[in-house]
Structure formats: structure tokens, C-alpha cells
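Undergrad: Structure: data-v1.cif, mmCIF, C-alpha atoms.
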data_run
loop_
_atom_site.label_atom_id
_atom_site.label_comp_id
_atom_site.auth_asym_id
_atom_site.auth_seq_id
_atom_site.Cartn_x
_atom_site.Cartn_y
_atom_site.Cartn_z
CA MET A 15 119.22 112.18 95.70
CA SER A 16 117.09 110.19 98.14
CA ALA A 17 114.41 112.90 98.39
CA ASP A 18 114.11 112.83 94.61
CA LYS A 19 113.57 109.10 94.67
CA ASN A 20 110.96 109.35 97.41
CA ASP A 21 108.94 111.70 95.23
CA HIS A 22 108.89 109.35 92.28
CA SER A 23 108.42 106.06 94.03
CA PRO A 24 104.88 105.28 95.18
CA ASP A 25 106.17 102.13 96.85
CA THR A 26 107.17 103.22 100.33
CA HIS A 27 109.12 100.06 100.96
CA GLU A 28 111.32 100.71 97.95
CA ALA A 29 111.77 104.33 98.92
CA ASP A 30 112.75 103.26 102.41
CA HIS A 31 115.16 100.77 101.08
CA LEU A 32 116.84 103.18 98.69
CA GLY A 33 117.07 105.86 101.34
CA HIS A 34 118.67 103.32 103.62
CA GLU A 35 121.10 102.33 100.89
CA ALA A 36 122.21 105.93 100.38
CA HIS A 37 123.24 106.19 104.03
CA ASN A 38 124.92 102.84 104.18
CA HIS A 39 128.51 103.81 103.39
CA GLY A 40 129.62 103.91 106.98
CA SER A 41 131.22 106.84 108.70
CA PHE A 42 134.79 107.94 109.32
CA LYS A 43 134.47 106.42 112.79
CA SER A 44 133.29 103.00 111.57
CA TYR A 45 136.08 102.84 108.97
CA MET A 46 138.67 103.72 111.61
CA ILE A 47 137.29 101.12 114.05
CA GLY A 48 137.48 98.51 111.29
CA PHE A 49 140.99 99.58 110.34
CA VAL A 50 142.36 99.54 113.90
CA LEU A 51 140.76 96.16 114.60
CA SER A 52 142.20 94.78 111.34
CA VAL A 53 145.69 96.02 112.19
CA ILE A 54 145.52 94.35 115.61
CA LEU A 55 144.03 91.15 114.20
CA THR A 56 146.76 91.02 111.53
CA ALA A 57 149.73 92.00 113.68
CA ILE A 58 149.15 89.42 116.41
CA PRO A 59 149.11 86.32 114.13
CA PHE A 60 152.20 87.55 112.26
CA ALA A 61 154.01 88.23 115.54
CA LEU A 62 153.06 84.82 116.94
CA VAL A 63 154.33 82.95 113.88
CA MET A 64 157.47 85.06 113.43
CA THR A 65 158.57 84.83 117.06
CA GLY A 66 157.23 81.32 117.72
CA VAL A 67 156.60 82.01 121.40
CA LEU A 68 153.69 79.57 121.63
CA PRO A 69 153.54 75.85 120.76
CA THR A 70 152.74 75.15 117.10
CA GLN A 71 149.28 73.76 117.77
CA ALA A 72 148.21 76.74 119.87
CA THR A 73 149.65 79.20 117.33
CA ALA A 74 147.74 77.54 114.47
CA LEU A 75 144.45 77.68 116.36
CA ILE A 76 144.92 81.33 117.37
CA VAL A 77 145.94 82.33 113.82
CA MET A 78 142.85 80.65 112.33
CA GLY A 79 140.57 82.15 114.98
CA PHE A 80 141.92 85.65 114.34
CA ALA A 81 141.42 85.20 110.58
CA VAL A 82 137.75 84.35 111.09
CA VAL A 83 137.26 87.33 113.41
CA GLN A 84 139.03 89.66 110.94
CA ILE A 85 136.85 88.47 108.06
CA VAL A 86 133.76 89.29 110.15
CA VAL A 87 135.26 92.71 111.02
CA HIS A 88 135.82 93.44 107.32
CA MET A 89 132.29 92.35 106.44
CA ILE A 90 130.76 94.65 109.05
CA TYR A 91 132.99 97.74 108.93
CA PHE A 92 134.21 97.77 105.31
CA LEU A 93 131.49 95.96 103.36
CA HIS A 94 128.77 97.40 105.66
CA MET A 95 126.88 94.17 105.76
CA ASN A 96 123.87 93.67 107.92
CA SER A 97 120.86 91.37 107.81
CA LYS A 98 118.72 94.12 106.26
CA SER A 99 120.80 95.20 103.23
CA GLU A 100 118.94 94.64 99.92
CA GLY A 101 115.98 93.30 101.83
CA GLY A 102 117.98 90.44 103.34
CA TRP A 103 119.01 88.94 99.99
CA ILE A 104 122.68 89.83 100.49
CA MET A 105 122.74 87.91 103.76
CA LEU A 106 120.87 84.99 102.17
CA ALA A 107 123.37 84.78 99.30
CA LEU A 108 126.24 84.98 101.79
CA ILE A 109 124.86 82.21 103.98
CA PHE A 110 124.30 79.99 100.93
CA THR A 111 127.87 80.64 99.75
CA ILE A 112 129.30 79.91 103.19
CA ILE A 113 127.41 76.59 103.29
CA VAL A 114 128.70 75.59 99.84
CA VAL A 115 132.26 76.67 100.72
CA VAL A 116 132.25 74.80 104.03
CA ILE A 117 130.95 71.61 102.39
CA ALA A 118 133.44 71.84 99.51
CA LEU A 119 136.44 72.70 101.70
CA SER A 120 135.83 70.23 104.50
CA GLY A 121 134.79 67.53 102.04
CA SER A 122 137.91 67.97 99.87
CA LEU A 123 140.27 68.04 102.83
CA TRP A 124 138.61 65.07 104.54
CA VAL A 125 138.39 62.86 101.45
CA MET A 126 141.85 63.71 100.16
CA TYR A 127 143.44 63.26 103.59
CA HIS A 128 142.04 59.72 103.83
CA LEU A 129 142.94 59.00 100.23
CA ASP A 130 146.50 60.09 100.99
CA THR A 131 146.87 58.03 104.18
CA ASN A 132 145.29 54.94 102.64
CA MET A 133 147.18 55.07 99.36
CA MET A 134 150.59 55.96 100.74
CA PRO A 135 152.00 52.47 101.51
CA THR A 136 151.46 51.27 97.96
CA MET A 137 153.10 54.28 96.36
CA HIS A 138 156.32 53.46 94.60
CA ASP A 139 157.80 56.92 94.68
CA MET A 140 158.56 57.27 98.36
CA THR A 141 160.37 60.58 97.82
CA ASN A 142 156.98 62.24 97.38
CA MET A 143 156.09 61.51 100.96
CA GLY A 144 157.92 64.51 102.29
CA GLY A 145 155.85 66.87 104.36
CA MET B 6 88.00 92.50 67.62
CA SER B 7 85.45 94.92 66.23
CA ALA B 8 86.97 97.98 64.71
CA THR B 9 84.21 100.09 66.16
CA ALA B 10 85.22 99.41 69.78
CA THR B 11 85.85 102.66 71.54
CA ALA B 12 88.84 103.32 73.72
CA THR B 13 86.74 103.05 76.89
CA GLU B 14 85.58 99.50 76.12
CA ILE B 15 88.59 97.64 77.44
CA ASP B 16 88.47 93.91 77.93
CA PRO B 17 88.32 93.44 81.73
CA THR B 18 90.39 90.26 81.50
CA VAL B 19 93.95 91.57 81.55
CA PHE B 20 96.83 89.17 81.90
CA HIS B 21 99.51 91.72 82.63
CA LEU B 22 100.03 94.24 85.38
CA GLU B 23 98.09 97.38 84.59
CA GLU B 24 101.04 99.46 85.64
CA GLU B 25 104.63 98.51 85.01
CA PRO B 26 106.40 97.79 88.31
CA HIS B 27 108.58 100.71 89.15
CA HIS B 28 112.29 99.90 89.05
CA GLU B 29 114.84 102.56 89.81
CA GLU B 30 117.71 102.46 87.38
CA GLY B 31 120.41 100.35 88.98
CA SER B 32 118.30 99.49 92.01
CA SER B 33 119.32 95.84 91.75
CA THR B 34 122.95 96.44 90.73
CA MET B 35 124.31 96.04 94.25
CA LEU B 36 122.61 92.69 94.77
CA GLY B 37 123.69 91.45 91.34
CA PHE B 38 127.26 92.50 91.99
CA TRP B 39 127.18 90.82 95.38
CA LEU B 40 126.07 87.59 93.67
CA TYR B 41 129.04 87.91 91.31
CA LEU B 42 131.33 88.34 94.32
CA MET B 43 129.86 85.22 95.91
CA SER B 44 130.58 83.23 92.73
CA ASP B 45 134.11 84.63 92.79
CA CYS B 46 134.28 83.50 96.40
CA LEU B 47 133.55 79.95 95.19
CA ILE B 48 136.48 80.13 92.75
CA PHE B 49 138.80 81.11 95.60
CA ALA B 50 137.29 78.44 97.87
CA MET B 51 138.20 75.79 95.28
CA LEU B 52 141.74 77.16 94.97
CA PHE B 53 142.05 77.15 98.77
CA ALA B 54 140.84 73.54 98.77
CA VAL B 55 143.50 72.67 96.18
CA PHE B 56 146.16 74.35 98.29
CA GLY B 57 144.85 72.62 101.41
CA VAL B 58 145.13 69.22 99.74
CA LEU B 59 148.41 69.71 97.85
CA GLY B 60 150.11 72.27 100.11
CA GLY B 61 152.25 69.59 101.75
CA ASN B 62 153.50 67.90 98.57
CA TYR B 63 156.92 69.47 98.10
CA ALA B 64 158.24 66.72 95.78
CA ALA B 65 161.53 66.92 97.70
CA GLY B 66 161.71 70.54 96.60
CA PRO B 67 161.87 73.70 98.68
CA GLY B 68 159.14 74.16 101.31
CA PRO B 69 157.49 77.24 102.80
CA ARG B 70 160.16 77.69 105.46
CA GLU B 71 162.91 78.09 102.86
CA LEU B 72 160.82 80.17 100.45
CA PHE B 73 158.53 82.55 102.30
CA ASP B 74 159.70 85.85 103.70
CA LEU B 75 157.08 86.77 106.29
CA GLU B 76 158.32 90.35 106.64
CA LEU B 77 157.60 90.89 102.94
CA VAL B 78 154.16 89.33 103.35
CA ALA B 79 153.48 91.59 106.35
CA ILE B 80 154.37 94.68 104.29
CA ASN B 81 152.13 93.39 101.49
CA THR B 82 149.25 92.87 103.91
CA ALA B 83 149.73 96.40 105.22
CA MET B 84 149.59 97.78 101.65
CA LEU B 85 146.26 96.08 100.98
CA LEU B 86 144.86 97.13 104.35
CA PHE B 87 145.89 100.77 103.75
CA SER B 88 144.30 100.64 100.30
CA SER B 89 141.07 99.40 101.90
CA ILE B 90 140.88 102.27 104.36
CA THR B 91 141.78 104.87 101.69
CA TYR B 92 139.02 103.48 99.45
CA GLY B 93 136.71 103.93 102.44
CA PHE B 94 137.80 107.59 102.63
CA ALA B 95 137.05 107.93 98.89
CA MET B 96 133.52 106.64 99.56
CA LEU B 97 133.09 109.13 102.42
CA ALA B 98 134.25 111.96 100.13
CA MET B 99 131.80 110.68 97.49
CA ASP B 100 128.95 110.87 100.03
CA LYS B 101 129.84 114.54 100.57
CA ASN B 102 129.83 115.03 96.76
CA ASN B 103 133.44 116.20 96.96
CA GLN B 104 134.75 115.17 93.56
CA ARG B 105 138.33 116.37 94.00
CA GLN B 106 138.78 114.60 97.34
CA THR B 107 137.21 111.42 95.94
CA LEU B 108 139.68 111.40 93.07
CA ILE B 109 142.63 112.02 95.39
CA TRP B 110 141.67 109.12 97.68
CA LEU B 111 141.06 106.88 94.67
CA ALA B 112 144.53 107.73 93.40
CA VAL B 113 146.04 106.91 96.80
CA THR B 114 144.14 103.61 96.79
CA GLY B 115 145.50 102.84 93.33
CA LEU B 116 149.06 103.56 94.46
CA PHE B 117 148.73 101.21 97.43
CA GLY B 118 147.28 98.60 95.08
CA LEU B 119 150.24 99.04 92.73
CA ALA B 120 152.65 98.75 95.67
CA PHE B 121 150.94 95.49 96.65
CA LEU B 122 151.25 94.14 93.11
CA GLY B 123 154.87 95.27 92.85
CA ILE B 124 155.84 93.48 96.06
CA GLU B 125 153.95 90.36 94.97
CA LEU B 126 155.63 90.31 91.57
CA TYR B 127 159.03 90.83 93.26
CA GLU B 128 158.26 87.84 95.49
CA PHE B 129 157.25 85.71 92.49
CA ALA B 130 160.35 86.73 90.56
CA HIS B 131 162.51 85.91 93.58
CA LEU B 132 160.91 82.45 93.94
CA ILE B 133 161.27 81.64 90.26
CA HIS B 134 164.88 82.84 90.33
CA GLU B 135 165.56 80.39 93.16
CA GLY B 136 164.13 77.56 91.06
CA ALA B 137 160.81 77.45 92.93
CA THR B 138 158.76 77.64 89.74
CA PRO B 139 155.10 76.57 89.48
CA GLN B 140 156.30 73.36 87.80
CA ARG B 141 158.59 72.41 90.69
CA SER B 142 156.03 70.74 92.97
CA ALA B 143 152.29 70.44 93.61
CA PHE B 144 152.74 72.79 96.56
CA LEU B 145 154.21 75.49 94.32
CA SER B 146 151.61 74.94 91.57
CA ALA B 147 148.82 75.42 94.11
CA PHE B 148 150.61 78.41 95.66
CA PHE B 149 151.15 80.25 92.37
CA THR B 150 147.59 79.53 91.18
CA LEU B 151 145.94 80.79 94.36
CA VAL B 152 148.12 83.84 95.02
CA GLY B 153 148.35 84.59 91.28
CA THR B 154 144.56 84.55 90.89
CA HIS B 155 144.27 87.00 93.76
CA GLY B 156 146.95 89.20 92.19
CA LEU B 157 145.11 89.08 88.87
CA HIS B 158 141.96 90.28 90.62
CA VAL B 159 143.90 93.18 92.16
CA THR B 160 145.30 94.00 88.69
CA PHE B 161 141.81 94.18 87.20
CA GLY B 162 140.66 96.16 90.23
CA ILE B 163 143.34 98.76 89.52
CA ILE B 164 142.37 98.92 85.82
CA TRP B 165 138.74 99.40 86.91
CA LEU B 166 139.81 102.05 89.42
CA VAL B 167 141.68 104.07 86.77
CA THR B 168 138.68 103.75 84.42
CA LEU B 169 136.37 105.09 87.11
CA MET B 170 138.76 107.94 87.92
CA VAL B 171 138.59 108.99 84.26
CA GLN B 172 134.80 108.66 84.25
CA VAL B 173 134.39 110.65 87.46
CA SER B 174 136.70 113.42 86.26
CA MET B 175 134.80 113.61 82.94
CA LYS B 176 131.18 113.28 84.11
CA GLY B 177 131.42 114.13 87.79
CA LEU B 178 129.78 112.26 90.66
CA ILE B 179 126.56 111.41 88.82
CA PRO B 180 124.36 108.59 90.22
CA ALA B 181 125.73 106.10 87.65
CA ASN B 182 129.31 106.84 88.68
CA LYS B 183 128.41 106.60 92.36
CA ARG B 184 126.91 103.19 91.69
CA ARG B 185 130.05 102.08 89.88
CA LEU B 186 132.23 103.35 92.72
CA MET B 187 130.09 101.40 95.19
CA CYS B 188 130.54 98.23 93.14
CA LEU B 189 134.30 98.70 93.02
CA SER B 190 134.25 99.39 96.76
CA MET B 191 132.65 95.99 97.35
CA PHE B 192 135.13 94.35 94.95
CA TRP B 193 138.12 95.99 96.61
CA HIS B 194 137.10 95.13 100.17
CA PHE B 195 136.22 91.62 99.03
CA LEU B 196 139.77 91.18 97.72
CA ASP B 197 141.07 92.24 101.11
CA VAL B 198 138.87 89.58 102.74
CA ILE B 199 140.32 86.96 100.37
CA TRP B 200 143.83 88.16 101.26
CA ILE B 201 143.09 87.47 104.96
CA GLY B 202 142.56 83.85 103.93
CA VAL B 203 145.71 83.87 101.80
CA PHE B 204 148.11 85.23 104.41
CA THR B 205 146.58 83.03 107.11
CA PHE B 206 146.39 79.69 105.32
CA VAL B 207 149.08 80.01 102.66
CA TYR B 208 151.78 81.93 104.47
CA LEU B 209 151.33 81.72 108.26
CA LEU B 210 149.96 78.18 108.60
CA SER B 211 152.40 76.81 105.99
CA MET B 212 155.27 78.07 108.12
CA LEU B 213 153.91 75.97 111.01
CA ARG B 214 153.61 72.72 109.06
#
Re-express the file's structure as C-alpha cells.

TA:
Amino acid sequence: MSADKNDHSPDTHEADHLGHEAHNHGSFKSYMIGFVLSVILTAIPFALVMTGVLPTQATALIVMGFAVVQIVVHMIYFLHMNSKSEGGWIMLALIFTIIVVVIALSGSLWVMYHLDTNMMPTMHDMTNMGG
Amino acid sequence: MSATATATEIDPTVFHLEEEPHHEEGSSTMLGFWLYLMSDCLIFAMLFAVFGVLGGNYAAGPGPRELFDLELVAINTAMLLFSSITYGFAMLAMDKNNQRQTLIWLAVTGLFGLAFLGIELYEFAHLIHEGATPQRSAFLSAFFTLVGTHGLHVTFGIIWLVTLMVQVSMKGLIPANKRRLMCLSMFWHFLDVIWIGVFTFVYLLSMLR
């Protein structure tokens, strides 16, 4: 498949890039590494929350940290992402999305948290304050 | 303009490329599909933001501690993780041009996906039976919207998977089908990434509130 494309494409960069793409599905080893890491990174947060051995604050931080690490593991071992795929455009789109997501998430949480705390005393329905 | 102009007398001022740029069929499909996934990511980010803001508003109704069964969620997570690795095996079989093995692994992936959906629907049915309907509180509205949207994606992923299995068994592992399988691979693994966020922020962290 890739040899065929090399013959037709005068553009060596494109040929390179397609040849690279064809080999970019990972190997049995990389899938297994990703799977084992995912199992560990999933099992530990579940165990921590279900047993409650650590203080709440510490558990929450560890659980969030493990989630971030597991997302990176999935991106590398399952989605086969690297800075070179599709000439760097995949990474660029991802970085842009992450920036938008971080702004939207932190902004929403920050604004709504302050709205909540500042509006609470004037609320009539005090039963909604639970939680 | 003159009708007598011969074919060799070509106007030297050309405003287009003399040769069409060479584009392989489907050479930009992966990038385009990735951009779709990123836009889907924004949808989920907004739903996560909604859950983050409203997740504590129980309206004196049942909270996560009374409702969530973490063992069930752990089984569900395992189902999705297994389906991810079996889809990976399908891709490896595809690379070796082994059609039969590809189809078998795709079928296994579909079964794990169905198991995931079944468990999720059982959980939803259980919650609604206990009176924890989406209308009960803002927390439950946000919960059902976020987890339901993810479940809907998995449903469409399974429909797509079955479609591709039919296409592969009819036409074989032709380049077009390989491309489609690669797109579904990205979609499927992407859903697993979203599920990491769901079980972390919706289930585990809610239990700690």
C-alpha cells in the first residue's frame, strides 16, 4: 500500500507522511503497555474511594491526578498521538481545544462558585442549600 | 482570442497552478475526523462544566452517596477498557490484512460495548425506579445529560461498528474500509478518554463531596 503511494506521489514529504501514517497503529506491545497502565490507573482511584483509607482532600487530589495521567496514557498508547502526526496539525488542534476547555471549565466553575456564595443569603428557598 | 492561435501559443500569464496539487484520496480524512472529535470534546467539556456547577444542588433529594454503586461503575469501566484493547487488536489484525481476525475482534469489541450500554441502562433504570429521575434535582439533570450523552455516543459507535463489519465482510480490507476503521478507532478510544473524565468527576469525586 505505501510502496504504491510512493510511486505515484512526486512529493516526497507527502509520501513520507503517508508511509508514516501506515505504520502508526501501534504494536501489540504498545497496546498492552497502555492497557496495563490504564488498569492500574483506574483500579487505584476506585480502591481509594471505595475503602476511604486516605483523608478526603488527599483522595480527591490523587484521583484527579491519576485521571490526567490516564488520559495522557490513552492519547499516547491508544490514539497513537505524537507531535508529528498529520504534520503537527493534530497536536495543534488538540492544544487549541485544551486551551478552550480549560478557559471554559475554570471560568464557569469560578464565576458560578462566586455567584452561588454571593447570592445565597438572599435566597428565599433555603432548602436548596443542601450540599 | 484569435481562432488561429495554435496549441503551442499559450498565454504565459497563468493564474492557476499548472499542475493540480496531488491529493491522495482520503489523505486528509484523519485530520478532519480529529477536528470533529475536538468539537465533540467541547460538547463534553460544556456538560462537565454544567455538572461541575450544578453537581451539588440536590434539591433535598438523593445525593451521590445514596444513588451510586461504585462496584457497578467499576465493572462498566472495565467493559469499556476491554473494548478499547480489543479494538486495538482489531487494528493490529487489519495491519496484517487478516480479515477474519479483524472481524472477530470487532465483534468482541461490539459485545463489550453492548455490555457497557446494558449496565448503564440498568443503572439508569434503577435510579429512575428509586425516584431519582432527571427532573428530581439539578444534580440529577446534569448527571443524566452528561452520562446519557456519552452513552448515546457509545450507541452510535456500536451502530457504526456493525456497519463497518458488514462493509468489511462484503468488500474486504480495501483502503477505504481501512480508513473507516481507523476513524472508528479514534472515535472509540476518544469515548474511553471521555469516560475517564466521567468516572473520575461524576462518580468518584461526587462520592467525596

Undergrad: Show which residues sit within 7 Å of range 80-88 of chain A, as a PyMOL selection string. Count all atoms listed in the file, and ignore same-chain residues fewer than 3 positions away.

TA: (chain A and resi 48+52+55+76-77+91-93) or (chain B and resi 198+201-202+205)

Undergrad: Within 9 Å of His194 in chain B, counting only C-alpha atoms, which residues show up once you throw out same-chain ones fewer than 2 positions away? Write them as a list in words, please.

TA: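 Neighbouring residues, sequence-local ones excluded: His88, Met89, Phe92 and Leu93 of chain A; Ser89, Tyr92, Leu189, Ser190, Met191, Phe192, Leu196, Asp197, Val198 and Ile199 of chain B.
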
Undergrad: My list of candidates is A:Leu68, A:Phe60, A:Ile113, A:Thr131. Which is closest to chain B when distances are computed with all atoms listed in the file?

TA: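 Among the listed residues, the smallest separation from chain B belongs to A:Phe60.
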
Undergrad: Near chain A, which residues of chain B fall within 7 Å when you count only C-alpha atoms, and what do they look like as an MDAnalysis selection string?

TA: chainID B and resid 36 39:40 43 47 50 54 57:58 61:65 90 93 96:97 191 194 198 201:202 205 209:210 213

Undergrad: Centre and edge lengths, as lines of an AutoDock Vina configuration file, for the axis-aligned box enclosing every listed atom of range 75-93 of chain B with 3 Å of padding on each of the six sides, in Å to one decimal?

TA:
center_x = 147.5
center_y = 95.8
center_z = 103.0
size_x = 27.6
size_y = 24.1
size_z = 13.2

Undergrad: Please write the residues picked by the PyMOL selection byres ((chain B and resi 26-32) around 8) on this file as a compact mmCIF listing (two decimals) with C-alpha atoms, in the frame of the given file.

TA:
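Result went into result_18.txt, see below:
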# COMPACT_ATOMS: atom_id res chain seq x y z
CA SER A 23 108.42 106.06 94.03
CA LEU A 32 116.84 103.18 98.69
CA LEU B 22 100.03 94.24 85.38
CA GLU B 24 101.04 99.46 85.64
CA GLU B 25 104.63 98.51 85.01
CA SER B 33 119.32 95.84 91.75
CA THR B 34 122.95 96.44 90.73
CA MET B 35 124.31 96.04 94.25
CA ALA B 181 125.73 106.10 87.65
CA ARG B 184 126.91 103.19 91.69

Undergrad: One decimal, Å: what's the distance from CA of Asp100 in chain B over to CA of Ile164 in chain B, could you say?

TA: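 Computing the Euclidean distance for CA of Asp100 in chain B and CA of Ile164 in chain B yields 22.9 Å.
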
Undergrad: Just to confirm, what's the straight-line distance from CA of Gln106 in chain B to CA of Asn182 in chain B in Å (one decimal)?

TA: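 Separating CA of Gln106 in chain B from CA of Asn182 in chain B is a distance of 15.0 Å.
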
Undergrad: Could you tell me how far CA of Leu178 in chain B sits from CA of Met84 in chain B, in Å to one decimal place?

TA: 26.9 Å

Undergrad: What residues come out when you apply the PyMOL selection byres ((chain B and resi 73) around 10) to this file, written as JSON, numbers by chain?

TA: {"B": [68, 69, 70, 71, 72, 74, 75, 76, 77, 78, 128, 132, 207, 208, 209, 211, 212]}

Undergrad: With C-alpha atoms retained, write the just-selected residues as a PDB file, keeping the file's coordinate frame.

TA:
ATOM      1  CA  GLY B  68     159.140  74.160 101.310  1.00  0.00           C
ATOM      2  CA  PRO B  69     157.490  77.240 102.800  1.00  0.00           C
ATOM      3  CA  ARG B  70     160.160  77.690 105.460  1.00  0.00           C
ATOM      4  CA  GLU B  71     162.910  78.090 102.860  1.00  0.00           C
ATOM      5  CA  LEU B  72     160.820  80.170 100.450  1.00  0.00           C
ATOM      6  CA  ASP B  74     159.700  85.850 103.700  1.00  0.00           C
ATOM      7  CA  LEU B  75     157.080  86.770 106.290  1.00  0.00           C
ATOM      8  CA  GLU B  76     158.320  90.350 106.640  1.00  0.00           C
ATOM      9  CA  LEU B  77     157.600  90.890 102.940  1.00  0.00           C
ATOM     10  CA  VAL B  78     154.160  89.330 103.350  1.00  0.00           C
ATOM     11  CA  GLU B 128     158.260  87.840  95.490  1.00  0.00           C
ATOM     12  CA  LEU B 132     160.910  82.450  93.940  1.00  0.00           C
ATOM     13  CA  VAL B 207     149.080  80.010 102.660  1.00  0.00           C
ATOM     14  CA  TYR B 208     151.780  81.930 104.470  1.00  0.00           C
ATOM     15  CA  LEU B 209     151.330  81.720 108.260  1.00  0.00           C
ATOM     16  CA  SER B 211     152.400  76.810 105.990  1.00  0.00           C
ATOM     17  CA  MET B 212     155.270  78.070 108.120  1.00  0.00           C
TER      18      MET B 212
END

Undergrad: Could you add N, CA, C and O atoms to range 104-119 of chain A and give me the result as a PDB file, in the frame of the given file?

TA:
ATOM      1  N   ILE A 104     121.220  89.883 100.413  1.00  0.00           N
ATOM      2  CA  ILE A 104     122.680  89.830 100.490  1.00  0.00           C
ATOM      3  C   ILE A 104     123.090  88.784 101.531  1.00  0.00           C
ATOM      4  O   ILE A 104     123.947  87.941 101.286  1.00  0.00           O
ATOM      5  N   MET A 105     122.419  88.855 102.693  1.00  0.00           N
ATOM      6  CA  MET A 105     122.740  87.910 103.760  1.00  0.00           C
ATOM      7  C   MET A 105     122.417  86.480 103.327  1.00  0.00           C
ATOM      8  O   MET A 105     123.180  85.553 103.571  1.00  0.00           O
ATOM      9  N   LEU A 106     121.279  86.327 102.627  1.00  0.00           N
ATOM     10  CA  LEU A 106     120.870  84.990 102.170  1.00  0.00           C
ATOM     11  C   LEU A 106     121.921  84.417 101.220  1.00  0.00           C
ATOM     12  O   LEU A 106     122.346  83.258 101.358  1.00  0.00           O
ATOM     13  N   ALA A 107     122.364  85.245 100.257  1.00  0.00           N
ATOM     14  CA  ALA A 107     123.370  84.780  99.300  1.00  0.00           C
ATOM     15  C   ALA A 107     124.662  84.428 100.026  1.00  0.00           C
ATOM     16  O   ALA A 107     125.320  83.439  99.705  1.00  0.00           O
ATOM     17  N   LEU A 108     125.013  85.241 101.043  1.00  0.00           N
ATOM     18  CA  LEU A 108     126.240  84.980 101.790  1.00  0.00           C
ATOM     19  C   LEU A 108     126.153  83.662 102.544  1.00  0.00           C
ATOM     20  O   LEU A 108     127.078  82.845 102.505  1.00  0.00           O
ATOM     21  N   ILE A 109     125.018  83.445 103.206  1.00  0.00           N
ATOM     22  CA  ILE A 109     124.860  82.210 103.980  1.00  0.00           C
ATOM     23  C   ILE A 109     124.940  80.996 103.060  1.00  0.00           C
ATOM     24  O   ILE A 109     125.616  80.005 103.344  1.00  0.00           O
ATOM     25  N   PHE A 110     124.266  81.097 101.892  1.00  0.00           N
ATOM     26  CA  PHE A 110     124.300  79.990 100.930  1.00  0.00           C
ATOM     27  C   PHE A 110     125.746  79.727 100.489  1.00  0.00           C
ATOM     28  O   PHE A 110     126.205  78.576 100.460  1.00  0.00           O
ATOM     29  N   THR A 111     126.482  80.810 100.187  1.00  0.00           N
ATOM     30  CA  THR A 111     127.870  80.640  99.750  1.00  0.00           C
ATOM     31  C   THR A 111     128.716  80.006 100.840  1.00  0.00           C
ATOM     32  O   THR A 111     129.525  79.122 100.560  1.00  0.00           O
ATOM     33  N   ILE A 112     128.501  80.469 102.085  1.00  0.00           N
ATOM     34  CA  ILE A 112     129.300  79.910 103.190  1.00  0.00           C
ATOM     35  C   ILE A 112     129.026  78.410 103.314  1.00  0.00           C
ATOM     36  O   ILE A 112     129.959  77.608 103.488  1.00  0.00           O
ATOM     37  N   ILE A 113     127.742  78.013 103.181  1.00  0.00           N
ATOM     38  CA  ILE A 113     127.410  76.590 103.290  1.00  0.00           C
ATOM     39  C   ILE A 113     128.134  75.790 102.202  1.00  0.00           C
ATOM     40  O   ILE A 113     128.771  74.768 102.464  1.00  0.00           O
ATOM     41  N   VAL A 114     128.052  76.297 100.947  1.00  0.00           N
ATOM     42  CA  VAL A 114     128.700  75.590  99.840  1.00  0.00           C
ATOM     43  C   VAL A 114     130.209  75.516 100.077  1.00  0.00           C
ATOM     44  O   VAL A 114     130.837  74.460  99.892  1.00  0.00           O
ATOM     45  N   VAL A 115     130.806  76.634 100.519  1.00  0.00           N
ATOM     46  CA  VAL A 115     132.260  76.670 100.720  1.00  0.00           C
ATOM     47  C   VAL A 115     132.666  75.702 101.829  1.00  0.00           C
ATOM     48  O   VAL A 115     133.645  74.960 101.686  1.00  0.00           O
ATOM     49  N   VAL A 116     131.892  75.686 102.924  1.00  0.00           N
ATOM     50  CA  VAL A 116     132.250  74.800 104.030  1.00  0.00           C
ATOM     51  C   VAL A 116     132.159  73.336 103.583  1.00  0.00           C
ATOM     52  O   VAL A 116     133.060  72.532 103.865  1.00  0.00           O
ATOM     53  N   ILE A 117     131.081  72.994 102.850  1.00  0.00           N
ATOM     54  CA  ILE A 117     130.950  71.610 102.390  1.00  0.00           C
ATOM     55  C   ILE A 117     132.102  71.243 101.462  1.00  0.00           C
ATOM     56  O   ILE A 117     132.750  70.203 101.618  1.00  0.00           O
ATOM     57  N   ALA A 118     132.402  72.141 100.491  1.00  0.00           N
ATOM     58  CA  ALA A 118     133.440  71.840  99.510  1.00  0.00           C
ATOM     59  C   ALA A 118     134.809  71.735 100.175  1.00  0.00           C
ATOM     60  O   ALA A 118     135.574  70.797  99.909  1.00  0.00           O
ATOM     61  N   LEU A 119     135.112  72.697 101.069  1.00  0.00           N
ATOM     62  CA  LEU A 119     136.440  72.700 101.700  1.00  0.00           C
ATOM     63  C   LEU A 119     136.619  71.501 102.625  1.00  0.00           C
ATOM     64  O   LEU A 119     137.597  70.752 102.514  1.00  0.00           O
TER      65      LEU A 119
END
